[in-house]
>>> print(open('model17.cif').read())   # mmCIF, C-alpha atoms
data_coords
#
loop_
_atom_site.label_atom_id
_atom_site.label_comp_id
_atom_site.auth_asym_id
_atom_site.auth_seq_id
_atom_site.Cartn_x
_atom_site.Cartn_y
_atom_site.Cartn_z
CA MET Y 1 80.76 86.53 80.33
CA GLY Y 2 78.17 85.41 82.84
CA TYR Y 3 80.53 84.91 85.80
CA ILE Y 4 78.15 86.79 88.06
CA THR Y 5 74.68 88.24 87.54
CA PHE Y 6 73.50 91.56 88.97
CA ASP Y 7 69.91 92.70 89.37
CA GLN Y 8 69.61 95.42 86.75
CA THR Y 9 66.46 96.87 88.33
CA LYS Y 10 68.39 98.33 91.27
CA GLU Y 11 68.88 102.08 91.70
CA PHE Y 12 72.57 101.87 92.67
CA ASP Y 13 75.36 99.90 91.04
CA ILE Y 14 77.43 99.70 94.19
CA ILE Y 15 77.37 100.87 97.81
CA PRO Y 16 80.77 100.72 99.54
CA LEU Y 17 80.84 100.51 103.33
CA GLY Y 18 83.67 101.60 105.60
CA ARG Y 19 86.62 103.89 105.89
CA VAL Y 20 86.75 107.53 104.91
CA ALA Y 21 89.93 109.43 105.68
CA ILE Y 22 91.84 112.56 104.79
CA ASP Y 23 95.07 112.08 102.84
CA PHE Y 24 97.95 114.55 102.94
CA ASN Y 25 100.39 113.90 100.10
CA PRO Y 26 103.66 115.86 100.04
CA LEU Y 27 104.32 118.33 97.26
CA ASP Y 28 108.02 118.35 98.10
CA TYR Y 29 108.35 114.62 97.51
CA TYR Y 30 111.38 112.35 97.13
CA LYS Y 31 112.52 113.19 100.63
CA PRO Y 32 111.72 111.79 104.09
CA LEU Y 33 108.41 112.74 105.65
CA SER Y 34 110.33 114.43 108.44
CA GLU Y 35 111.70 116.88 105.87
CA SER Y 36 108.47 117.46 103.94
CA THR Y 37 106.83 120.80 104.65
CA THR Y 38 104.11 121.21 102.03
CA PHE Y 39 101.16 118.86 101.55
CA LYS Y 40 98.00 118.70 99.47
CA LYS Y 41 94.76 117.47 101.03
CA TYR Y 42 92.65 114.78 99.36
CA LEU Y 43 89.73 112.54 100.20
CA GLY Y 44 91.12 109.14 101.21
CA GLY Y 45 90.29 105.69 102.52
CA SER Y 46 89.98 102.68 100.26
CA PRO Y 47 86.16 102.35 100.10
CA ALA Y 48 85.84 106.12 99.66
CA ASN Y 49 88.39 106.08 96.83
CA ILE Y 50 86.57 103.18 95.18
CA ALA Y 51 83.29 105.08 95.47
CA VAL Y 52 84.84 108.05 93.67
CA GLY Y 53 86.45 105.78 91.09
CA MET Y 54 83.15 104.07 90.29
CA ALA Y 55 81.34 107.41 90.06
CA ARG Y 56 83.98 108.79 87.67
CA LEU Y 57 83.40 105.70 85.53
CA GLY Y 58 79.72 106.56 85.29
CA LYS Y 59 78.25 104.21 87.87
CA LYS Y 60 75.52 105.13 90.33
CA VAL Y 61 77.13 104.98 93.75
CA GLY Y 62 75.94 105.20 97.36
CA PHE Y 63 77.94 104.97 100.58
CA ILE Y 64 77.53 103.77 104.15
CA GLY Y 65 79.95 105.36 106.60
CA LYS Y 66 80.61 107.55 109.60
CA VAL Y 67 82.43 110.89 109.50
CA SER Y 68 83.42 113.54 112.01
CA ASP Y 69 81.02 116.34 112.87
CA ASP Y 70 83.38 119.11 111.81
CA GLN Y 71 84.92 120.79 108.76
CA PHE Y 72 86.57 117.58 107.54
CA GLY Y 73 83.21 115.81 107.73
CA ASP Y 74 81.80 118.66 105.64
CA PHE Y 75 84.66 118.18 103.17
CA VAL Y 76 83.81 114.49 102.71
CA THR Y 77 80.10 114.96 102.14
CA GLY Y 78 80.71 117.96 99.91
CA TYR Y 79 83.23 116.04 97.83
CA PHE Y 80 80.89 113.07 97.46
CA ASP Y 81 78.02 115.36 96.51
CA LYS Y 82 80.18 116.94 93.82
CA GLU Y 83 80.99 113.48 92.43
CA GLY Y 84 77.32 112.47 92.38
CA ILE Y 85 77.70 109.93 95.21
CA ASP Y 86 74.66 109.56 97.45
CA THR Y 87 75.43 110.77 100.99
CA SER Y 88 72.09 110.02 102.62
CA HIS Y 89 73.62 107.21 104.70
CA ILE Y 90 76.80 108.94 105.79
CA THR Y 91 76.19 109.88 109.42
CA ARG Y 92 78.06 112.15 111.83
CA CYS Y 93 79.83 111.19 115.03
CA THR Y 94 78.32 112.53 118.24
CA ASN Y 95 81.16 112.05 120.73
CA GLY Y 96 83.94 114.03 119.10
CA GLU Y 97 85.57 111.21 117.10
CA LYS Y 98 87.66 112.49 114.18
CA LEU Y 99 88.39 111.35 110.67
CA GLY Y 100 91.62 109.45 110.21
CA LEU Y 101 94.56 111.43 108.89
CA THR Y 102 97.00 109.81 106.48
CA PHE Y 103 100.37 111.41 105.76
CA THR Y 104 102.22 109.83 102.88
CA GLU Y 105 105.96 109.71 102.38
CA ILE Y 106 107.24 109.54 98.79
CA LEU Y 107 110.93 108.71 99.00
CA SER Y 108 111.28 107.59 95.39
CA GLU Y 109 109.24 106.20 92.51
CA THR Y 110 109.30 102.76 94.13
CA GLU Y 111 109.64 103.49 97.85
CA SER Y 112 106.77 105.06 99.76
CA SER Y 113 105.25 104.73 103.21
CA ILE Y 114 102.10 105.80 105.00
CA LEU Y 115 101.72 107.31 108.47
CA MET Y 116 98.15 106.93 109.76
CA TYR Y 117 96.51 108.56 112.77
CA ARG Y 118 93.62 106.27 113.78
CA ASP Y 119 92.94 106.71 117.50
CA CYS Y 120 89.37 107.65 118.50
CA ILE Y 121 88.50 107.31 114.84
CA ALA Y 122 85.24 108.26 113.15
CA ASP Y 123 84.84 105.46 110.61
CA LEU Y 124 84.97 102.74 113.28
CA GLN Y 125 81.98 104.34 115.05
CA LEU Y 126 79.61 103.06 112.36
CA ASP Y 127 76.80 101.42 114.32
CA VAL Y 128 74.23 98.72 113.62
CA SER Y 129 71.59 101.45 113.88
CA ASP Y 130 73.21 103.13 110.85
CA ILE Y 131 72.52 100.10 108.64
CA ASP Y 132 69.26 100.47 106.73
CA GLU Y 133 67.88 97.38 105.00
CA GLU Y 134 65.81 99.44 102.57
CA TYR Y 135 68.94 101.28 101.43
CA ILE Y 136 70.87 98.04 100.89
CA LYS Y 137 67.96 96.64 98.89
CA LYS Y 138 68.45 99.47 96.39
CA THR Y 139 71.88 98.35 95.16
CA LYS Y 140 73.25 95.71 92.82
CA SER Y 141 76.28 95.20 95.05
CA LEU Y 142 77.59 95.98 98.53
CA LEU Y 143 81.34 96.44 98.98
CA ILE Y 144 82.72 95.78 102.46
CA SER Y 145 86.21 97.00 103.29
CA GLY Y 146 88.24 94.88 105.69
CA THR Y 147 89.18 97.86 107.82
CA ALA Y 148 85.52 98.17 108.86
CA LEU Y 149 85.95 94.87 110.74
CA ALA Y 150 88.84 96.04 112.91
CA ALA Y 151 86.81 97.12 115.95
CA SER Y 152 83.34 97.50 117.39
CA PRO Y 153 80.81 98.89 116.71
CA SER Y 154 81.88 99.07 113.06
CA ARG Y 155 82.45 95.31 112.72
CA GLU Y 156 78.93 94.51 113.90
CA ALA Y 157 77.54 97.12 111.51
CA ALA Y 158 79.46 95.56 108.62
CA LEU Y 159 78.26 92.07 109.55
CA LYS Y 160 74.66 93.31 109.76
CA ALA Y 161 75.00 94.89 106.30
CA LEU Y 162 76.45 91.62 104.99
CA SER Y 163 73.54 89.62 106.41
CA LEU Y 164 70.96 91.99 104.95
CA ALA Y 165 72.66 91.90 101.55
CA LYS Y 166 72.60 88.09 101.51
CA LYS Y 167 68.98 88.05 102.70
CA ASN Y 168 67.97 90.26 99.77
CA GLY Y 169 70.07 88.68 97.04
CA ILE Y 170 72.53 91.59 96.81
CA LYS Y 171 76.00 90.66 95.59
CA VAL Y 172 78.73 91.14 98.20
CA ILE Y 173 82.23 92.31 97.30
CA PHE Y 174 84.94 91.93 99.94
CA ASP Y 175 87.96 94.18 99.50
CA ILE Y 176 90.23 92.76 102.21
CA ASP Y 177 92.11 96.09 102.52
CA TYR Y 178 94.34 95.10 105.43
CA ARG Y 179 95.81 97.86 107.58
CA PRO Y 180 97.61 96.89 110.82
CA TYR Y 181 96.05 99.73 112.80
CA ASN Y 182 93.28 99.00 115.34
CA TRP Y 183 93.58 95.19 115.15
CA LYS Y 184 94.53 93.41 118.39
CA ASN Y 185 95.99 90.14 117.06
CA SER Y 186 96.20 87.89 114.01
CA ASP Y 187 93.49 85.49 115.25
CA GLU Y 188 91.02 88.37 115.41
CA ILE Y 189 91.88 89.33 111.83
CA ALA Y 190 91.41 85.78 110.57
CA ILE Y 191 88.09 85.32 112.39
CA TYR Y 192 86.40 88.41 110.99
CA TYR Y 193 87.99 88.40 107.54
CA SER Y 194 87.04 84.76 106.97
CA ALA Y 195 83.50 85.38 108.28
CA VAL Y 196 82.94 87.94 105.53
CA ALA Y 197 84.96 86.16 102.83
CA ARG Y 198 82.96 82.94 103.17
CA GLN Y 199 79.77 84.84 102.28
CA SER Y 200 81.19 87.08 99.54
CA ASP Y 201 80.58 86.80 95.81
CA ILE Y 202 83.77 88.63 94.81
CA ILE Y 203 86.94 88.72 96.93
CA LEU Y 204 89.91 91.00 96.18
CA GLY Y 205 93.20 90.99 98.05
CA SER Y 206 96.95 90.58 97.99
CA ARG Y 207 98.69 87.32 98.77
CA GLU Y 208 99.45 88.66 102.25
CA GLU Y 209 95.80 89.54 102.79
CA PHE Y 210 94.64 86.08 101.78
CA ASP Y 211 97.20 84.57 104.14
CA LEU Y 212 95.78 86.64 107.00
CA THR Y 213 92.23 85.66 106.10
CA GLU Y 214 93.08 81.95 105.91
CA ALA Y 215 95.34 81.75 108.97
CA LEU Y 216 92.87 79.64 110.96
CA LEU Y 217 91.50 77.69 108.00
CA GLY Y 218 94.53 76.15 106.34
CA PRO Y 219 93.35 75.85 102.71
CA GLY Y 220 96.93 76.12 101.49
CA LYS Y 221 99.58 78.65 100.61
CA THR Y 222 99.29 78.78 96.83
CA ASP Y 223 97.00 81.09 94.92
CA GLU Y 224 95.22 78.16 93.31
CA GLU Y 225 94.52 76.52 96.66
CA SER Y 226 93.20 79.76 98.11
CA ALA Y 227 91.00 80.46 95.09
CA ASN Y 228 89.59 76.94 95.05
CA TYR Y 229 88.73 77.15 98.73
CA TRP Y 230 86.69 80.36 98.41
CA LEU Y 231 85.17 79.40 95.06
CA GLY Y 232 83.95 76.25 96.77
CA LEU Y 233 81.90 78.41 99.13
CA GLU Y 234 80.00 81.50 97.90
CA ALA Y 235 82.57 83.27 95.71
CA SER Y 236 82.18 83.50 91.95
CA ILE Y 237 85.36 85.55 91.39
CA VAL Y 238 88.56 85.63 93.45
CA VAL Y 239 91.31 88.14 92.59
CA ILE Y 240 94.78 87.70 94.10
CA LYS Y 241 97.22 90.57 93.60
CA HIS Y 242 101.02 90.44 93.60
CA GLY Y 243 101.90 94.11 93.13
CA LYS Y 244 104.42 94.70 90.37
CA GLU Y 245 104.22 91.00 89.44
CA GLY Y 246 100.59 91.46 88.39
CA SER Y 247 97.38 89.77 89.47
CA THR Y 248 95.22 86.78 88.67
CA ALA Y 249 91.45 86.28 88.73
CA TYR Y 250 89.97 82.85 89.32
CA THR Y 251 86.35 82.04 88.45
CA ARG Y 252 83.98 79.36 89.65
CA ASP Y 253 83.94 77.65 86.24
CA GLY Y 254 87.67 76.90 86.59
CA GLY Y 255 88.90 79.95 84.70
CA LYS Y 256 92.23 81.57 85.44
CA PHE Y 257 93.09 84.99 83.98
CA SER Y 258 96.32 86.89 84.61
CA ILE Y 259 97.35 90.47 84.01
CA LYS Y 260 100.55 92.40 84.60
CA PRO Y 261 101.07 96.15 85.15
CA PHE Y 262 101.26 98.52 82.22
CA PRO Y 263 104.66 100.22 81.84
CA VAL Y 264 104.48 103.71 83.29
CA LYS Y 265 106.80 106.28 84.85
CA LEU Y 266 105.99 106.04 88.53
CA LEU Y 267 105.53 109.01 90.82
CA LYS Y 268 104.72 106.90 93.90
CA SER Y 269 104.22 103.26 94.88
CA PHE Y 270 100.77 103.61 96.53
CA GLY Y 271 97.30 104.52 95.31
CA GLY Y 272 97.00 102.02 92.49
CA GLY Y 273 94.96 99.41 94.34
CA ASP Y 274 91.79 101.47 94.63
CA GLY Y 275 91.94 102.48 90.99
CA TYR Y 276 92.44 98.83 90.10
CA ALA Y 277 89.45 97.75 92.19
CA SER Y 278 87.06 100.40 90.88
CA ALA Y 279 87.96 99.83 87.22
CA PHE Y 280 87.93 96.03 87.51
CA LEU Y 281 84.54 96.09 89.25
CA TYR Y 282 83.26 98.47 86.58
CA GLY Y 283 84.12 95.86 83.96
CA VAL Y 284 82.46 93.10 85.96
CA LEU Y 285 79.30 95.18 86.41
CA GLU Y 286 79.32 95.83 82.67
CA GLY Y 287 79.42 92.09 82.01
CA TRP Y 288 82.84 92.12 80.34
CA ASP Y 289 85.08 89.09 79.98
CA ILE Y 290 87.25 88.82 83.08
CA ILE Y 291 90.50 89.42 81.19
CA ASP Y 292 89.12 92.69 79.80
CA ALA Y 293 88.02 93.80 83.28
CA LEU Y 294 91.49 92.94 84.61
CA GLU Y 295 93.16 94.91 81.84
CA PHE Y 296 90.94 97.90 82.59
CA GLY Y 297 91.82 97.65 86.28
CA SER Y 298 95.53 97.35 85.58
CA ALA Y 299 95.42 100.42 83.36
CA SER Y 300 93.64 102.51 85.98
CA ALA Y 301 96.17 101.39 88.61
CA ALA Y 302 99.05 102.43 86.36
CA MET Y 303 97.51 105.84 85.80
CA LEU Y 304 97.16 106.41 89.55
CA VAL Y 305 100.70 105.43 90.57
CA ALA Y 306 101.86 107.95 87.98
CA SER Y 307 99.75 110.72 89.55
CA HIS Y 308 99.94 112.66 92.81
CA ALA Y 309 96.50 111.86 94.19
CA CYS Y 310 94.20 108.86 94.40
CA SER Y 311 90.58 110.03 94.66
CA GLU Y 312 91.20 113.29 92.84
CA ASP Y 313 92.90 111.57 89.89
CA MET Y 314 90.44 108.71 89.37
CA PRO Y 315 90.01 108.48 85.58
CA SER Y 316 86.96 108.37 83.34
CA VAL Y 317 86.14 105.43 81.05
CA GLU Y 318 87.37 107.42 78.06
CA ALA Y 319 90.66 108.28 79.78
CA VAL Y 320 91.36 104.63 80.67
CA LYS Y 321 90.58 103.48 77.14
CA GLU Y 322 92.84 106.16 75.69
CA PHE Y 323 95.64 105.12 78.04
CA ILE Y 324 95.30 101.46 77.03
CA ALA Y 325 95.33 102.38 73.33
CA GLU Y 326 98.47 104.49 73.71
CA GLU Y 327 100.26 101.82 75.74
CA LYS Y 328 99.43 99.14 73.18
CA LYS Y 329 100.52 101.38 70.36
CA GLN Y 330 103.88 101.87 72.08
CA TYR Y 331 104.51 98.46 73.63
CA GLY Y 332 102.36 95.97 71.74
CA GLU Y 333 98.82 94.61 71.85
CA MET Y 334 99.46 92.04 74.59
CA ILE Y 335 101.58 94.24 76.83
CA ALA Y 336 99.52 93.66 80.00
CA ARG Y 337 98.08 90.22 79.28
CA GLN Y 338 100.01 87.19 80.41
#
>>> encode(input="model17.cif", output="structure tokens")
Amino acid sequence: MGYITFDQTKEFDIIPLGRVAIDFNPLDYYKPLSESTTFKKYLGGSPANIAVGMARLGKKVGFIGKVSDDQFGDFVTGYFDKEGIDTSHITRCTNGEKLGLTFTEILSETESSILMYRDCIADLQLDVSDIDEEYIKKTKSLLISGTALAASPSREAALKALSLAKKNGIKVIFDIDYRPYNWKNSDEIAIYYSAVARQSDIILGSREEFDLTEALLGPGKTDEESANYWLGLEASIVVIKHGKEGSTAYTRDGGKFSIKPFPVKLLKSFGGGDGYASAFLYGVLEGWDIIDALEFGSASAAMLVASHACSEDMPSVEAVKEFIAEEKKQYGEMIARQ
């Protein structure tokens, strides 16, 4: 309790900033993408998925992003409206840029890949003029996705939003969310990731993502060294994920809390991270103990890797609690806690 304090007078619980995409997941899975012929369309993009996840969990959610001025742009805003997510600061591209398309390949329960089309992309057209200080002042937290830093003008827009959040005492969450597309070199990644991480209150990423962020800083290669470095700056909570090996949260008071995945029959090996992030952040916003927030996040992640979609299958609070109860009944009370 008390790891981080949010201003409860704010209208929104969280406003994610960054990537919105369209996901196409194969219905004829367990075969190469080259042989798949039938796909189902979903809303995609990590910050967009987190927005939906938080809304499904009952939080008041806004969004800052750029979408294409076409039918797919209509799909995004319509989907967000249906989920109760504020779309007043989602703007349309004016030069024909399109939403990113993501085709997923599900070869087996444990082997999947993603094919992204991200040239002339809509989300990276987010401009400093799209960032409204009055809107940011309305939220308890601002979530910045690392993909928003990959190119201009989006990176400058993200940095402006970060500065305005800090100016107004808004908590900043950095979901590193590394994707190789659009970046020019590793130095560029390290420069912009570290610029945001050093001013963030909560940082979430995999070991690989922390290595990329720290490439020019040299705090060390262990999780403890990384956590201590960022906790020595602005961060109150640092979460380092290791996939099927679980994840660990480090807190400024020296706490260390670890969780492992819940046993589940996998359908695919992607999609869990955004469910994890939204459910974990829900617990943090609710003021839960960190280990309980981690358990909630791990449960949501397990539910999503067992389902076909990501955004469409984001669970409710009741569904996650029911899943945890059933898993503990079957496998034991401490099944996910290390």
>>> closest_residue(input="model17.cif", among="Y:Glu214, Y:Asp253, Y:Glu105, Y:Glu208", to="Ser236 in chain Y", atoms="all atoms listed in the file")
Y:Asp253
>>> resolve_selection(input="model17.cif", expression="the PyMOL selection byres ((chain Y and resi 212) around 9)", output="number ranges by chain")
Y: 178, 186-187, 189-190, 193-194, 207-211, 213-216
>>> write_last_selection(input="model17.cif", atoms="C-alpha atoms", output="PDB file, keeping the file's coordinate frame")
ATOM      1  CA  TYR Y 178      94.340  95.100 105.430  1.00  0.00           C
ATOM      2  CA  SER Y 186      96.200  87.890 114.010  1.00  0.00           C
ATOM      3  CA  ASP Y 187      93.490  85.490 115.250  1.00  0.00           C
ATOM      4  CA  ILE Y 189      91.880  89.330 111.830  1.00  0.00           C
ATOM      5  CA  ALA Y 190      91.410  85.780 110.570  1.00  0.00           C
ATOM      6  CA  TYR Y 193      87.990  88.400 107.540  1.00  0.00           C
ATOM      7  CA  SER Y 194      87.040  84.760 106.970  1.00  0.00           C
ATOM      8  CA  ARG Y 207      98.690  87.320  98.770  1.00  0.00           C
ATOM      9  CA  GLU Y 208      99.450  88.660 102.250  1.00  0.00           C
ATOM     10  CA  GLU Y 209      95.800  89.540 102.790  1.00  0.00           C
ATOM     11  CA  PHE Y 210      94.640  86.080 101.780  1.00  0.00           C
ATOM     12  CA  ASP Y 211      97.200  84.570 104.140  1.00  0.00           C
ATOM     13  CA  THR Y 213      92.230  85.660 106.100  1.00  0.00           C
ATOM     14  CA  GLU Y 214      93.080  81.950 105.910  1.00  0.00           C
ATOM     15  CA  ALA Y 215      95.340  81.750 108.970  1.00  0.00           C
ATOM     16  CA  LEU Y 216      92.870  79.640 110.960  1.00  0.00           C
TER      17      LEU Y 216
END
>>> resolve_selection(input="model17.cif", expression="the PyMOL selection byres ((chain Y and resi 319) around 12)", output="JSON, numbers by chain")
{"Y": [56, 57, 279, 296, 299, 300, 303, 304, 313, 314, 315, 316, 317, 318, 320, 321, 322, 323, 324, 325, 326]}
>>> residues_around(input="model17.cif", residues="Tyr229 in chain Y", least_positions_apart="3", cutoff="12 Å", atoms="all atoms listed in the file", output="list in words")
Ser194, Ala197, Arg198, Ile203, Phe210, Thr213, Glu214, Leu217, Gly218, Pro219, Gly220, Lys221, Thr222, Asp223, Glu224, Glu225, Ser226, Gly232, Leu233, Glu234, Ala235, Ser236, Ile237, Val238, Tyr250, Thr251 and Arg252 of chain Y
>>> write_last_selection(input="model17.cif", atoms="C-alpha atoms", output="PDB file, keeping the file's coordinate frame")
ATOM      1  CA  SER Y 194      87.040  84.760 106.970  1.00  0.00           C
ATOM      2  CA  ALA Y 197      84.960  86.160 102.830  1.00  0.00           C
ATOM      3  CA  ARG Y 198      82.960  82.940 103.170  1.00  0.00           C
ATOM      4  CA  ILE Y 203      86.940  88.720  96.930  1.00  0.00           C
ATOM      5  CA  PHE Y 210      94.640  86.080 101.780  1.00  0.00           C
ATOM      6  CA  THR Y 213      92.230  85.660 106.100  1.00  0.00           C
ATOM      7  CA  GLU Y 214      93.080  81.950 105.910  1.00  0.00           C
ATOM      8  CA  LEU Y 217      91.500  77.690 108.000  1.00  0.00           C
ATOM      9  CA  GLY Y 218      94.530  76.150 106.340  1.00  0.00           C
ATOM     10  CA  PRO Y 219      93.350  75.850 102.710  1.00  0.00           C
ATOM     11  CA  GLY Y 220      96.930  76.120 101.490  1.00  0.00           C
ATOM     12  CA  LYS Y 221      99.580  78.650 100.610  1.00  0.00           C
ATOM     13  CA  THR Y 222      99.290  78.780  96.830  1.00  0.00           C
ATOM     14  CA  ASP Y 223      97.000  81.090  94.920  1.00  0.00           C
ATOM     15  CA  GLU Y 224      95.220  78.160  93.310  1.00  0.00           C
ATOM     16  CA  GLU Y 225      94.520  76.520  96.660  1.00  0.00           C
ATOM     17  CA  SER Y 226      93.200  79.760  98.110  1.00  0.00           C
ATOM     18  CA  GLY Y 232      83.950  76.250  96.770  1.00  0.00           C
ATOM     19  CA  LEU Y 233      81.900  78.410  99.130  1.00  0.00           C
ATOM     20  CA  GLU Y 234      80.000  81.500  97.900  1.00  0.00           C
ATOM     21  CA  ALA Y 235      82.570  83.270  95.710  1.00  0.00           C
ATOM     22  CA  SER Y 236      82.180  83.500  91.950  1.00  0.00           C
ATOM     23  CA  ILE Y 237      85.360  85.550  91.390  1.00  0.00           C
ATOM     24  CA  VAL Y 238      88.560  85.630  93.450  1.00  0.00           C
ATOM     25  CA  TYR Y 250      89.970  82.850  89.320  1.00  0.00           C
ATOM     26  CA  THR Y 251      86.350  82.040  88.450  1.00  0.00           C
ATOM     27  CA  ARG Y 252      83.980  79.360  89.650  1.00  0.00           C
TER      28      ARG Y 252
END
>>> closest_residue(input="model17.cif", among="Y:Thr248, Y:Lys140, Y:Thr37, Y:Ser206", to="Gln8 in chain Y", atoms="all atoms listed in the file")
Y:Lys140
>>> atom_distance(input="model17.cif", atom1="CA of Asp28 in chain Y", atom2="CA of Cys310 in chain Y")
17.2 Å
>>> residues_around(input="model17.cif", residues="Ala157 in chain Y", least_positions_apart="4", cutoff="7 Å", atoms="only C-alpha atoms", output="PyMOL selection string")
chain Y and resi 126-128+131+153+161
>>> atom_distance(input="model17.cif", atom1="CA of Ala336 in chain Y", atom2="CA of Lys260 in chain Y")
4.9 Å
>>> atom_distance(input="model17.cif", atom1="CA of Lys171 in chain Y", atom2="CA of Ala148 in chain Y")
18.0 Å
>>> residues_around(input="model17.cif", residues="Thr139 in chain Y", least_positions_apart="3", cutoff="8 Å", atoms="only C-alpha atoms", output="number ranges by chain")
Y: 10-15, 135-136, 142, 170
>>> residues_around(input="model17.cif", residues="Val61 in chain Y", least_positions_apart="6", cutoff="10 Å", atoms="only C-alpha atoms", output="list in words")
Glu11, Phe12, Asp13, Ile14, Ile15, Pro16, Ile50, Ala51, Val52, Gly53, Met54, Ala55, Phe80, Glu83, Gly84, Ile85, Asp86, Thr87, Thr139 and Ser141 of chain Y
>>> resolve_selection(input="model17.cif", expression="the PyMOL selection byres ((chain Y and resi 262) around 8)", output="list in words")
Lys260, Pro261, Pro263, Val264, Ser298, Ala299, Ala302, Glu327, Ile335 and Ala336 of chain Y
>>> closest_residue(input="model17.cif", among="Y:Thr147, Y:Ser307, Y:Ser108, Y:Thr9", to="Ser46 in chain Y", atoms="all atoms listed in the file")
Y:Thr147
>>> residues_around(input="model17.cif", residues="Ser145 in chain Y", least_positions_apart="4", cutoff="8 Å", atoms="only C-alpha atoms", output="number ranges by chain")
Y: 16-19, 46-47, 149, 174-177
>>> residues_near_point(input="model17.cif", point="(96.8, 92.1, 90.0)", cutoff="9 Å", atoms="only C-alpha atoms", output="PyMOL selection string")
chain Y and resi 205-206+239-249+258-261+273+276+294+297-298
>>> write_last_selection(input="model17.cif", atoms="C-alpha atoms", output="PDB file, in the frame of the given file")
ATOM      1  CA  GLY Y 205      93.200  90.990  98.050  1.00  0.00           C
ATOM      2  CA  SER Y 206      96.950  90.580  97.990  1.00  0.00           C
ATOM      3  CA  VAL Y 239      91.310  88.140  92.590  1.00  0.00           C
ATOM      4  CA  ILE Y 240      94.780  87.700  94.100  1.00  0.00           C
ATOM      5  CA  LYS Y 241      97.220  90.570  93.600  1.00  0.00           C
ATOM      6  CA  HIS Y 242     101.020  90.440  93.600  1.00  0.00           C
ATOM      7  CA  GLY Y 243     101.900  94.110  93.130  1.00  0.00           C
ATOM      8  CA  LYS Y 244     104.420  94.700  90.370  1.00  0.00           C
ATOM      9  CA  GLU Y 245     104.220  91.000  89.440  1.00  0.00           C
ATOM     10  CA  GLY Y 246     100.590  91.460  88.390  1.00  0.00           C
ATOM     11  CA  SER Y 247      97.380  89.770  89.470  1.00  0.00           C
ATOM     12  CA  THR Y 248      95.220  86.780  88.670  1.00  0.00           C
ATOM     13  CA  ALA Y 249      91.450  86.280  88.730  1.00  0.00           C
ATOM     14  CA  SER Y 258      96.320  86.890  84.610  1.00  0.00           C
ATOM     15  CA  ILE Y 259      97.350  90.470  84.010  1.00  0.00           C
ATOM     16  CA  LYS Y 260     100.550  92.400  84.600  1.00  0.00           C
ATOM     17  CA  PRO Y 261     101.070  96.150  85.150  1.00  0.00           C
ATOM     18  CA  GLY Y 273      94.960  99.410  94.340  1.00  0.00           C
ATOM     19  CA  TYR Y 276      92.440  98.830  90.100  1.00  0.00           C
ATOM     20  CA  LEU Y 294      91.490  92.940  84.610  1.00  0.00           C
ATOM     21  CA  GLY Y 297      91.820  97.650  86.280  1.00  0.00           C
ATOM     22  CA  SER Y 298      95.530  97.350  85.580  1.00  0.00           C
TER      23      SER Y 298
END
